[in-house]
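K.L.:
Let me give you the structure first, and then I'll get to my questions.
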Amino acid sequence: MSTSSGPRIGVALGGGSARGLTHIPYIEAMDELGIRPSVISGTSIGALIGAGWAAGMTGEDIREHAFNVLGTMRIIAGKLWATQIRGIGGILKNGISMQLDATSIVDSFTPEMFPLEFKDLKIPLYVVATDFQSWHQVVFNSGLLRPAIAGSIAIPSLFKPVVYANHMLVDGGVVNPLPLDQADIDTDFLIGIDVNGDPSEGITKTDHKALDIWFGSAQIMMHSLTAHMMAAYPPDMYIRPHVTTFGALEFWRVREIVTHAEKEKDRFKRILEAKVEAYIQGKIPVIPSN
């Protein structure tokens with residue numbers, strides 16, 4: 001299937017920490033259908049994965065890389081330790097911080113030949129972060145790529161804010177967990193993949209840990225923000241995989257997370273193919289781009 005004569009497709013990849021690894025099978029599904037988006041937007045891990053996709057990586061490439069750099073706790077711990085210490089001089093100069101450095105994380109977990117600037121990408125990408133000082137959304141689509149992604153993934157308290165381009169940046173999910181507004185720029189057909197989760201799995205649970213309460217409260221906030229975004233920029237296709245069984249920071253479960261999301265892959269392909277074909281044949285109207 002080809003969309004060369006069809007709609008310009010915009011894809012918004014939402015934030016959800018480790019749960020965002022469920023984006024991978026949906027990217028693979030679009031690859032298999034021959035669908036290449038005209039615009040990609042991403043928040044937090046959606047920005048990181050979206051950058052790889054925009055750089056020309058296939059869904060299969062992203063899966064293989066994720067398995068290599070996140071496959072075990074030992075691999076992840078080694079990379080995190082390396083980013084924190086940077087040798088004895090780093091300890092003496094900076095001490096051991098409990099907060100992670102988002103820029104170092106991006107450097108450590110992205111492929112070696114990862115593009116340096118937005119202009120080097122093959123698909124236009126819009127990265128959403130939050131300006132902690134002005135309380136506003138900041139969108140990057142030009143300039144250096146890695147600092148923009150670092151700002152977008154900088155979960156408050158877990159990561160130090162990223163100072164870049166006259167902004168103090170924290171996680172984009174604080175203001176826009178599913179950036180439909182950016183994927184709707186000059187596109188006809190809008191796809192939103194929301195990996196924030198839902199309350200179904202833990203609705204009867206009462207023995208929540210402190211970290212569960214923190215991340216769960218953030219999920220509730222992001223759910224509300226996404227509802228408002230969808231009202232303003234209604235997607236032609238909205239996907240929300242069930243991911244609540246996975247902890248927000250359980251990146252070492254990457255294989256389980258991807259396998260779990262694969263169950264919906266064929267269904268997603270059938271629905272998306274039918275919707276795009278219907279658009280091409282003029283059977284259904286596409287919501288006008290804002």
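To be explicit about the labels: the chains of the structure tokens are called A, B, and onward in the order shown, and within each one the residues are counted from 1, while ligands get numbers from 1 in the order they are shown.
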Sort by chain and increasing residue number a table of all residues of stretch 154-179 of chain A within 10 Å of stretch 138-149 of chain A, each with its closest pair of atoms and their distance in Å to one decimal, counting only C-alpha atoms, and write it as a tab-separated table.
P.N.:
```
residue	atom	partner	partner_atom	distance
A:Ala154	CA	A:Ile149	CA	8.6
A:Val162	CA	A:Pro147	CA	7.5
A:Val163	CA	A:Pro147	CA	8.5
A:Tyr164	CA	A:Pro147	CA	6.7
A:Ala165	CA	A:Ala148	CA	9.0
A:His167	CA	A:Val138	CA	8.5
A:Leu169	CA	A:Val138	CA	8.3
A:Val170	CA	A:Val138	CA	10.0
A:Asp171	CA	A:Ile149	CA	9.4
A:Gly172	CA	A:Val138	CA	8.1
A:Val175	CA	A:Val138	CA	9.3
A:Asn176	CA	A:Val138	CA	9.8
A:Pro179	CA	A:Val139	CA	9.8
```
K.L.:
Could you turn the residues from that selection into a file that holds N, CA, C and O atoms, as a PDB file, in the first residue's frame?
P.N.:
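Saved as result.pdb:
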```pdb
ATOM      1  N   ALA A 154      12.717  15.032  30.085  1.00  0.00           N
ATOM      2  CA  ALA A 154      13.213  15.358  31.429  1.00  0.00           C
ATOM      3  C   ALA A 154      12.083  15.342  32.468  1.00  0.00           C
ATOM      4  O   ALA A 154      11.561  16.387  32.876  1.00  0.00           O
ATOM      5  N   VAL A 162      16.631  20.762  31.656  1.00  0.00           N
ATOM      6  CA  VAL A 162      17.588  20.967  30.571  1.00  0.00           C
ATOM      7  C   VAL A 162      17.573  22.437  30.162  1.00  0.00           C
ATOM      8  O   VAL A 162      16.527  22.966  29.771  1.00  0.00           O
ATOM      9  N   VAL A 163      18.697  23.098  30.278  1.00  0.00           N
ATOM     10  CA  VAL A 163      18.797  24.502  29.888  1.00  0.00           C
ATOM     11  C   VAL A 163      19.249  24.555  28.433  1.00  0.00           C
ATOM     12  O   VAL A 163      20.366  24.145  28.092  1.00  0.00           O
ATOM     13  N   TYR A 164      18.355  25.034  27.583  1.00  0.00           N
ATOM     14  CA  TYR A 164      18.654  25.061  26.147  1.00  0.00           C
ATOM     15  C   TYR A 164      17.797  26.116  25.456  1.00  0.00           C
ATOM     16  O   TYR A 164      16.601  26.248  25.763  1.00  0.00           O
ATOM     17  N   ALA A 165      18.399  26.859  24.554  1.00  0.00           N
ATOM     18  CA  ALA A 165      17.711  27.866  23.726  1.00  0.00           C
ATOM     19  C   ALA A 165      16.917  28.858  24.572  1.00  0.00           C
ATOM     20  O   ALA A 165      15.763  29.174  24.274  1.00  0.00           O
ATOM     21  N   HIS A 167      15.614  28.447  27.448  1.00  0.00           N
ATOM     22  CA  HIS A 167      14.516  27.818  28.184  1.00  0.00           C
ATOM     23  C   HIS A 167      15.080  26.912  29.264  1.00  0.00           C
ATOM     24  O   HIS A 167      16.168  26.349  29.111  1.00  0.00           O
ATOM     25  N   LEU A 169      13.932  23.532  30.494  1.00  0.00           N
ATOM     26  CA  LEU A 169      12.980  22.563  29.968  1.00  0.00           C
ATOM     27  C   LEU A 169      12.772  21.371  30.893  1.00  0.00           C
ATOM     28  O   LEU A 169      13.719  20.826  31.467  1.00  0.00           O
ATOM     29  N   VAL A 170      11.504  20.965  31.013  1.00  0.00           N
ATOM     30  CA  VAL A 170      11.152  19.703  31.657  1.00  0.00           C
ATOM     31  C   VAL A 170      10.219  18.954  30.704  1.00  0.00           C
ATOM     32  O   VAL A 170       9.842  19.449  29.640  1.00  0.00           O
ATOM     33  N   ASP A 171       9.850  17.769  31.110  1.00  0.00           N
ATOM     34  CA  ASP A 171       9.085  16.839  30.273  1.00  0.00           C
ATOM     35  C   ASP A 171       7.893  17.490  29.568  1.00  0.00           C
ATOM     36  O   ASP A 171       7.094  18.187  30.184  1.00  0.00           O
ATOM     37  N   GLY A 172       7.781  17.216  28.264  1.00  0.00           N
ATOM     38  CA  GLY A 172       6.687  17.779  27.483  1.00  0.00           C
ATOM     39  C   GLY A 172       5.319  17.305  27.922  1.00  0.00           C
ATOM     40  O   GLY A 172       4.300  17.971  27.667  1.00  0.00           O
ATOM     41  N   VAL A 175       2.662  19.590  29.769  1.00  0.00           N
ATOM     42  CA  VAL A 175       1.718  20.483  29.087  1.00  0.00           C
ATOM     43  C   VAL A 175       0.990  19.824  27.918  1.00  0.00           C
ATOM     44  O   VAL A 175      -0.115  20.222  27.570  1.00  0.00           O
ATOM     45  N   ASN A 176       1.622  18.813  27.281  1.00  0.00           N
ATOM     46  CA  ASN A 176       1.028  18.253  26.071  1.00  0.00           C
ATOM     47  C   ASN A 176       1.473  16.802  25.884  1.00  0.00           C
ATOM     48  O   ASN A 176       2.406  16.515  25.143  1.00  0.00           O
ATOM     49  N   PRO A 179       0.849  15.251  21.359  1.00  0.00           N
ATOM     50  CA  PRO A 179       0.905  16.500  20.578  1.00  0.00           C
ATOM     51  C   PRO A 179       0.222  16.427  19.213  1.00  0.00           C
ATOM     52  O   PRO A 179       0.835  16.543  18.162  1.00  0.00           O
TER      53      PRO A 179
END
```
K.L.:
Show me, as JSON lines, the residues of stretch 193-236 of chain A having an atom within 9 Å of stretch 20-26 of chain A, each with the closest atom pair and its distance in Å, using only C-alpha atoms.
P.N.:
```
{"residue": "A:Ile193", "atom": "CA", "partner": "A:His23", "partner_atom": "CA", "distance": 7.3}
{"residue": "A:Asp194", "atom": "CA", "partner": "A:Gly20", "partner_atom": "CA", "distance": 8.5}
{"residue": "A:Val195", "atom": "CA", "partner": "A:Gly20", "partner_atom": "CA", "distance": 5.6}
{"residue": "A:Asn196", "atom": "CA", "partner": "A:Gly20", "partner_atom": "CA", "distance": 7.8}
```
K.L.:
How would the residues just picked look written out with all heavy atoms as a compact mmCIF listing (two decimals), in the first residue's frame?
P.N.:
```
# COMPACT_ATOMS: atom_id res chain seq x y z
N ILE A 193 -1.26 8.20 18.91
CA ILE A 193 -0.97 6.98 19.67
C ILE A 193 -0.69 7.39 21.11
O ILE A 193 0.35 7.97 21.42
CB ILE A 193 0.20 6.20 19.06
CG1 ILE A 193 -0.10 5.88 17.59
CG2 ILE A 193 0.43 4.91 19.85
CD1 ILE A 193 1.01 5.14 16.87
N ASP A 194 -1.63 7.10 21.98
CA ASP A 194 -1.62 7.53 23.38
C ASP A 194 -1.15 6.37 24.25
O ASP A 194 -1.87 5.38 24.40
CB ASP A 194 -3.03 7.97 23.76
CG ASP A 194 -3.16 8.43 25.20
OD1 ASP A 194 -2.15 8.44 25.92
OD2 ASP A 194 -4.29 8.77 25.61
N VAL A 195 0.03 6.48 24.82
CA VAL A 195 0.60 5.39 25.61
C VAL A 195 0.58 5.70 27.11
O VAL A 195 1.30 5.08 27.89
CB VAL A 195 2.04 5.06 25.15
CG1 VAL A 195 2.04 4.51 23.73
CG2 VAL A 195 2.94 6.30 25.23
N ASN A 196 -0.28 6.61 27.51
CA ASN A 196 -0.37 6.99 28.92
C ASN A 196 -1.01 5.91 29.77
O ASN A 196 -0.78 5.82 30.97
CB ASN A 196 -1.16 8.30 29.05
CG ASN A 196 -1.22 8.80 30.47
OD1 ASN A 196 -0.21 8.84 31.17
ND2 ASN A 196 -2.41 9.18 30.91
```
K.L.:
Of the residues A:Ile76, A:Leu100, A:Val127, A:Ala29, which is the one nearest to A:Ala51, using only C-alpha atoms?
P.N.:
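Using only C-alpha atoms, A:Ala51 sits closest to A:Val127.
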K.L.:
With a distance cut-off of 12 Å and only C-alpha atoms, select the neighbouring residues of A:Ala218, excluding the residue or stretch itself and same-chain residues fewer than 2 positions from it, and output the selection as a list in words.
P.N.:
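The residues that qualify are Gly15, Gly16, Ser17, Ile155, Pro156, Asp171, Gly173, Val174, Val175, Pro177, Asn196, Gly197, Asp198, Leu211, Asp212, Ile213, Trp214, Phe215, Gly216, Ile220, Met221, Met222, His223, Ser224, Leu225 and Ala248 of chain A.
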K.L.:
So which one's closest to A:Pro124, A:Leu249, A:Ile185, A:Ala232, A:Ala18? Using only C-alpha atoms, please.
P.N.:
A:Ile185
K.L.:
List as a VMD selection string the protein and nucleic acid residues near A:Arg255, meaning an atom at most 12 Å away when only C-alpha atoms are counted, but skip any in the same chain fewer than 5 places from it.
P.N.:
chain A and resid 18 to 19 21 to 22 24 to 25 63 to 72 246 250 260 to 262
K.L.:
Here is a test: counting only C-alpha atoms, which residue of A:Tyr233, A:Phe268, A:Trp252, A:Phe159 is nearest to A:Ala183?
P.N.:
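Ranked by minimum distance to A:Ala183, first place goes to A:Tyr233.
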K.L.:
How would you write, as a ChimeraX atom specification, the set of residues in stretch 162-236 of chain A that DSSP gives as helix (DSSP H, G or I)?
P.N.:
/A:172-174,180-183,200-202,210-232
K.L.:
Please provide as number ranges by chain all residues within 7 Å of A:Leu13, with the sequence filter that same-chain residues fewer than 6 positions apart are discarded (counting only C-alpha atoms).
P.N.:
A: 41-43, 46, 50, 178, 192-194
K.L.:
Quick one: pick out all strand (DSSP E or B) residues within stretch 119-231 of chain A from a backbone DSSP run and write them as a VMD selection string.
P.N.:
chain A and resid 125 to 131 136 to 140 144 156 159 162 to 164 167 to 170 189 to 193
K.L.:
Those same residues, written as an mmCIF file, in the first residue's frame with N, CA and C atoms?
P.N.:
```cif
data_model
loop_
_atom_site.group_PDB
_atom_site.id
_atom_site.type_symbol
_atom_site.label_atom_id
_atom_site.label_comp_id
_atom_site.auth_asym_id
_atom_site.auth_seq_id
_atom_site.Cartn_x
_atom_site.Cartn_y
_atom_site.Cartn_z
ATOM 1 N N LEU A 125 9.969 16.696 12.006
ATOM 2 C CA LEU A 125 9.697 16.269 13.374
ATOM 3 C C LEU A 125 9.470 17.484 14.257
ATOM 4 N N TYR A 126 8.441 17.400 15.114
ATOM 5 C CA TYR A 126 8.153 18.447 16.090
ATOM 6 C C TYR A 126 8.257 17.830 17.483
ATOM 7 N N VAL A 127 9.182 18.370 18.272
ATOM 8 C CA VAL A 127 9.442 17.858 19.615
ATOM 9 C C VAL A 127 8.865 18.830 20.645
ATOM 10 N N VAL A 128 8.056 18.304 21.546
ATOM 11 C CA VAL A 128 7.367 19.138 22.538
ATOM 12 C C VAL A 128 8.026 18.999 23.911
ATOM 13 N N ALA A 129 8.334 20.122 24.512
ATOM 14 C CA ALA A 129 8.852 20.164 25.877
ATOM 15 C C ALA A 129 8.096 21.258 26.645
ATOM 16 N N THR A 130 8.407 21.390 27.924
ATOM 17 C CA THR A 130 7.738 22.381 28.777
ATOM 18 C C THR A 130 8.758 23.362 29.325
ATOM 19 N N ASP A 131 8.475 24.652 29.188
ATOM 20 C CA ASP A 131 9.314 25.674 29.806
ATOM 21 C C ASP A 131 8.878 25.821 31.263
ATOM 22 N N HIS A 136 4.838 27.360 29.748
ATOM 23 C CA HIS A 136 4.308 27.211 28.405
ATOM 24 C C HIS A 136 4.945 26.039 27.658
ATOM 25 N N GLN A 137 4.232 25.580 26.660
ATOM 26 C CA GLN A 137 4.764 24.577 25.745
ATOM 27 C C GLN A 137 5.848 25.189 24.869
ATOM 28 N N VAL A 138 6.905 24.421 24.635
ATOM 29 C CA VAL A 138 7.958 24.820 23.714
ATOM 30 C C VAL A 138 8.051 23.730 22.644
ATOM 31 N N VAL A 139 8.039 24.136 21.388
ATOM 32 C CA VAL A 139 8.103 23.180 20.284
ATOM 33 C C VAL A 139 9.376 23.422 19.486
ATOM 34 N N PHE A 140 10.133 22.355 19.263
ATOM 35 C CA PHE A 140 11.365 22.443 18.487
ATOM 36 C C PHE A 140 11.203 21.683 17.167
ATOM 37 N N LEU A 144 19.592 22.088 16.990
ATOM 38 C CA LEU A 144 20.135 20.844 17.513
ATOM 39 C C LEU A 144 19.021 19.905 17.959
ATOM 40 N N PRO A 156 10.168 15.644 35.651
ATOM 41 C CA PRO A 156 10.505 16.459 36.830
ATOM 42 C C PRO A 156 10.938 15.600 38.020
ATOM 43 N N PHE A 159 14.841 13.823 36.495
ATOM 44 C CA PHE A 159 15.881 14.437 35.671
ATOM 45 C C PHE A 159 16.089 15.893 36.067
ATOM 46 N N VAL A 162 16.631 20.762 31.656
ATOM 47 C CA VAL A 162 17.588 20.967 30.571
ATOM 48 C C VAL A 162 17.573 22.437 30.162
ATOM 49 N N VAL A 163 18.697 23.098 30.278
ATOM 50 C CA VAL A 163 18.797 24.502 29.888
ATOM 51 C C VAL A 163 19.249 24.555 28.433
ATOM 52 N N TYR A 164 18.355 25.034 27.583
ATOM 53 C CA TYR A 164 18.654 25.061 26.147
ATOM 54 C C TYR A 164 17.797 26.116 25.456
ATOM 55 N N HIS A 167 15.614 28.447 27.448
ATOM 56 C CA HIS A 167 14.516 27.818 28.184
ATOM 57 C C HIS A 167 15.080 26.912 29.264
ATOM 58 N N MET A 168 14.326 26.749 30.352
ATOM 59 C CA MET A 168 14.599 25.705 31.334
ATOM 60 C C MET A 168 13.525 24.639 31.107
ATOM 61 N N LEU A 169 13.932 23.532 30.494
ATOM 62 C CA LEU A 169 12.980 22.563 29.968
ATOM 63 C C LEU A 169 12.772 21.371 30.893
ATOM 64 N N VAL A 170 11.504 20.965 31.013
ATOM 65 C CA VAL A 170 11.152 19.703 31.657
ATOM 66 C C VAL A 170 10.219 18.954 30.704
ATOM 67 N N PHE A 189 -4.588 13.641 7.364
ATOM 68 C CA PHE A 189 -5.058 12.478 8.103
ATOM 69 C C PHE A 189 -4.227 12.370 9.372
ATOM 70 N N LEU A 190 -4.888 12.409 10.524
ATOM 71 C CA LEU A 190 -4.194 12.542 11.814
ATOM 72 C C LEU A 190 -4.329 11.263 12.637
ATOM 73 N N ILE A 191 -3.182 10.726 13.058
ATOM 74 C CA ILE A 191 -3.136 9.523 13.901
ATOM 75 C C ILE A 191 -2.527 9.896 15.247
ATOM 76 N N GLY A 192 -3.192 9.519 16.332
ATOM 77 C CA GLY A 192 -2.670 9.750 17.668
ATOM 78 C C GLY A 192 -2.467 8.430 18.389
ATOM 79 N N ILE A 193 -1.263 8.202 18.909
ATOM 80 C CA ILE A 193 -0.974 6.980 19.669
ATOM 81 C C ILE A 193 -0.687 7.386 21.110
#
```
K.L.:
Under the rule that only C-alpha atoms are counted, which of A:Arg270, A:Arg36, A:Met230, A:Ile62 is the nearest residue to A:Pro111?
P.N.:
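Distance minimum relative to A:Pro111 lands on A:Ile62.
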K.L.:
Return the single residue from A:Ile49, A:Ile123, A:Met229, A:Leu80 that is closest to A:Pro37, with distances computed using only C-alpha atoms.
P.N.:
A:Ile123
K.L.:
Record the distance separating atom CA of A:Thr226 and atom CA of A:Ile27, expressed in Å with one decimal.
P.N.:
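Those two atoms sit 20.8 Å apart.
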K.L.:
Tell me, in Å to one decimal, how far atom CA of A:Pro161 is from atom CA of A:Ile257.
P.N.:
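According to the coordinates, atom CA of A:Pro161 and atom CA of A:Ile257 are separated by 27.8 Å.
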K.L.:
With only C-alpha atoms as the atoms that count, which of A:Lys122, A:Arg74, A:Arg8, A:Lys160 lies nearest to A:Trp53?
P.N.:
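Between A:Lys122, A:Arg74, A:Arg8, A:Lys160, the residue approaching A:Trp53 most closely is A:Lys122.
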